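Data first, discussion second: the structure below is written as structure tokens.
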Amino acid sequence: MSFRDLPTLVTRREEAVTLLEAIATGVDEAELAPFLMALMTYEAEQAAAIMRGSGNEMSVRVQLGALLAEAGLVTQDEVFAALEARHALGRGEAA
């Protein structure tokens, strides 16, 4: 999956699932960052800044998954499955 396969806007479940597939298949975080910024609320931005300042920053993939779940577009189980698939990919395992 590449950047051109990603939706231009995420307002429906199908688009959110496409982003989870992108996470699972290892799409570069730089390509996911615009979606993170588009979904970021003021409160989420403040929480991310606090975490960054304390040295506990979450990756773009984790933040994006959390925001998609918080928006009700996907479930937390789906987010965890995508993140686990990404970790397995990094370890050279089949997900």
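So you can find residues: chains in the structure tokens are A, B, ... in the order shown, residues in each start at 1, and ligands are numbered from 1 in order.
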Filtered DSSP result for segment 13-72 of chain A, state helix (DSSP H, G or I), as number ranges by chain: A: 13-24, 29-39, 42-53, 60-70
Contact check, segment 10-54 of chain A to segment 61-73 of chain A, at most 9 Å, counting only C-alpha atoms, closest pairs as JSON lines:
{"residue": "A:Val10", "atom": "CA", "partner": "A:Leu68", "partner_atom": "CA", "distance": 9.0}
{"residue": "A:Thr11", "atom": "CA", "partner": "A:Leu73", "partner_atom": "CA", "distance": 7.8}
{"residue": "A:Arg12", "atom": "CA", "partner": "A:Leu73", "partner_atom": "CA", "distance": 6.5}
{"residue": "A:Arg13", "atom": "CA", "partner": "A:Leu73", "partner_atom": "CA", "distance": 4.8}
{"residue": "A:Glu14", "atom": "CA", "partner": "A:Leu73", "partner_atom": "CA", "distance": 8.4}
{"residue": "A:Glu15", "atom": "CA", "partner": "A:Leu73", "partner_atom": "CA", "distance": 8.7}
{"residue": "A:Ala16", "atom": "CA", "partner": "A:Leu73", "partner_atom": "CA", "distance": 6.2}
{"residue": "A:Val17", "atom": "CA", "partner": "A:Leu73", "partner_atom": "CA", "distance": 8.2}
{"residue": "A:Leu19", "atom": "CA", "partner": "A:Gly65", "partner_atom": "CA", "distance": 8.5}
{"residue": "A:Leu20", "atom": "CA", "partner": "A:Gly65", "partner_atom": "CA", "distance": 7.2}
{"residue": "A:Ile23", "atom": "CA", "partner": "A:Arg61", "partner_atom": "CA", "distance": 6.3}
{"residue": "A:Glu29", "atom": "CA", "partner": "A:Arg61", "partner_atom": "CA", "distance": 6.7}
{"residue": "A:Leu32", "atom": "CA", "partner": "A:Arg61", "partner_atom": "CA", "distance": 7.4}
{"residue": "A:Ala33", "atom": "CA", "partner": "A:Leu64", "partner_atom": "CA", "distance": 8.2}
{"residue": "A:Phe35", "atom": "CA", "partner": "A:Leu64", "partner_atom": "CA", "distance": 7.4}
{"residue": "A:Leu36", "atom": "CA", "partner": "A:Leu64", "partner_atom": "CA", "distance": 5.2}
{"residue": "A:Met37", "atom": "CA", "partner": "A:Leu64", "partner_atom": "CA", "distance": 8.8}
{"residue": "A:Leu39", "atom": "CA", "partner": "A:Leu67", "partner_atom": "CA", "distance": 6.6}
{"residue": "A:Met40", "atom": "CA", "partner": "A:Leu67", "partner_atom": "CA", "distance": 7.2}
{"residue": "A:Thr41", "atom": "CA", "partner": "A:Leu67", "partner_atom": "CA", "distance": 9.0}
{"residue": "A:Ala44", "atom": "CA", "partner": "A:Leu67", "partner_atom": "CA", "distance": 8.4}
{"residue": "A:Ala48", "atom": "CA", "partner": "A:Gln63", "partner_atom": "CA", "distance": 8.5}
Got time to write the residues from that selection, C-alpha atoms, as a PDB file, in the first residue's frame?
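Contents of selection_38.pdb, as written:
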ATOM      1  CA  VAL A  10     -11.535  10.155   6.781  1.00  0.00           C
ATOM      2  CA  THR A  11     -15.164  10.516   7.756  1.00  0.00           C
ATOM      3  CA  ARG A  12     -16.487   6.989   7.235  1.00  0.00           C
ATOM      4  CA  ARG A  13     -15.639   3.575   8.599  1.00  0.00           C
ATOM      5  CA  GLU A  14     -14.375   2.323   5.221  1.00  0.00           C
ATOM      6  CA  GLU A  15     -11.803   5.107   5.075  1.00  0.00           C
ATOM      7  CA  ALA A  16     -10.704   4.432   8.648  1.00  0.00           C
ATOM      8  CA  VAL A  17     -10.298   0.734   7.868  1.00  0.00           C
ATOM      9  CA  LEU A  19      -5.886   3.656   7.284  1.00  0.00           C
ATOM     10  CA  LEU A  20      -5.686   0.663   9.623  1.00  0.00           C
ATOM     11  CA  ILE A  23      -0.745   0.914   9.478  1.00  0.00           C
ATOM     12  CA  GLU A  29       4.529   7.411   9.328  1.00  0.00           C
ATOM     13  CA  LEU A  32       0.021   8.955   7.923  1.00  0.00           C
ATOM     14  CA  ALA A  33       0.871  12.228   9.691  1.00  0.00           C
ATOM     15  CA  PHE A  35      -4.457  12.165   8.828  1.00  0.00           C
ATOM     16  CA  LEU A  36      -3.307  12.414  12.421  1.00  0.00           C
ATOM     17  CA  MET A  37      -3.262  16.198  12.232  1.00  0.00           C
ATOM     18  CA  LEU A  39      -8.245  14.157  13.374  1.00  0.00           C
ATOM     19  CA  MET A  40      -6.390  15.830  16.249  1.00  0.00           C
ATOM     20  CA  THR A  41      -8.550  17.739  18.694  1.00  0.00           C
ATOM     21  CA  ALA A  44      -5.549  15.340  22.052  1.00  0.00           C
ATOM     22  CA  ALA A  48       0.424  14.533  22.956  1.00  0.00           C
TER      23      ALA A  48
END
Shortest interatomic distance to Glu78 of chain A - which of A:Ala30, A:Ile50, A:Met58, A:Ala24, counting only C-alpha atoms: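 Among the listed residues, A:Ala24 lies closest to Glu78 of chain A.
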Need the shell around Glu21 of chain A: protein/DNA/RNA residues with any atom at most 10 Å away, counting only C-alpha atoms. Skip same-chain ones fewer than 4 positions apart. Format as a short mmCIF file (atom, residue, chain, number, x, y, z; two decimals) with N, CA, C and O atoms, in the first residue's frame?
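File produced: around_6.cif:
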data_model
loop_
_atom_site.label_atom_id
_atom_site.label_comp_id
_atom_site.auth_asym_id
_atom_site.auth_seq_id
_atom_site.Cartn_x
_atom_site.Cartn_y
_atom_site.Cartn_z
N MET A 1 0.85 -1.17 0.00
CA MET A 1 0.00 0.00 0.00
C MET A 1 0.90 1.23 0.00
O MET A 1 1.94 1.26 0.63
N LEU A 6 -4.32 5.83 -0.12
CA LEU A 6 -4.98 6.32 1.09
C LEU A 6 -6.11 7.28 0.73
O LEU A 6 -6.04 7.99 -0.27
N GLU A 15 -13.04 4.34 5.18
CA GLU A 15 -11.80 5.11 5.07
C GLU A 15 -10.89 4.85 6.28
O GLU A 15 -9.68 4.74 6.13
N ALA A 16 -11.48 4.72 7.44
CA ALA A 16 -10.70 4.43 8.65
C ALA A 16 -10.08 3.04 8.56
O ALA A 16 -8.92 2.85 8.95
N VAL A 17 -10.83 2.09 8.04
CA VAL A 17 -10.30 0.73 7.87
C VAL A 17 -9.13 0.74 6.88
O VAL A 17 -8.14 0.05 7.09
N THR A 25 0.30 -2.64 7.14
CA THR A 25 1.23 -3.00 6.07
C THR A 25 2.51 -2.19 6.07
O THR A 25 3.35 -2.36 5.20
N GLY A 26 2.64 -1.28 7.04
CA GLY A 26 3.91 -0.58 7.20
C GLY A 26 4.06 0.70 6.40
O GLY A 26 5.19 1.13 6.15
N VAL A 27 2.96 1.33 6.01
CA VAL A 27 3.08 2.63 5.33
C VAL A 27 3.85 3.58 6.23
O VAL A 27 3.67 3.60 7.45
N GLU A 78 -9.74 -3.52 16.58
CA GLU A 78 -9.24 -3.39 15.21
C GLU A 78 -7.92 -2.62 15.19
O GLU A 78 -7.01 -2.97 14.44
N VAL A 79 -7.83 -1.60 16.03
CA VAL A 79 -6.59 -0.83 16.11
C VAL A 79 -5.46 -1.72 16.64
O VAL A 79 -4.37 -1.76 16.06
N ALA A 81 -5.22 -4.93 16.48
CA ALA A 81 -4.88 -5.93 15.46
C ALA A 81 -3.98 -5.33 14.39
O ALA A 81 -3.01 -5.96 13.96
N ALA A 82 -4.25 -4.10 13.97
CA ALA A 82 -3.41 -3.43 12.96
C ALA A 82 -2.02 -3.17 13.50
O ALA A 82 -1.01 -3.39 12.81
N LEU A 83 -1.94 -2.72 14.74
CA LEU A 83 -0.63 -2.45 15.35
C LEU A 83 0.16 -3.74 15.54
O LEU A 83 1.37 -3.76 15.31
N ALA A 85 -0.14 -6.44 13.70
CA ALA A 85 0.29 -6.84 12.35
C ALA A 85 1.52 -6.05 11.93
O ALA A 85 2.45 -6.60 11.33
N ARG A 86 1.56 -4.76 12.26
CA ARG A 86 2.72 -3.92 11.94
C ARG A 86 3.95 -4.40 12.70
O ARG A 86 5.04 -4.47 12.14
#
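With only C-alpha atoms as the basis for measurement, A:Val60 is the residue among A:Leu89, A:Leu9, A:Val60, A:Val74 that approaches Asp28 of chain A most closely.
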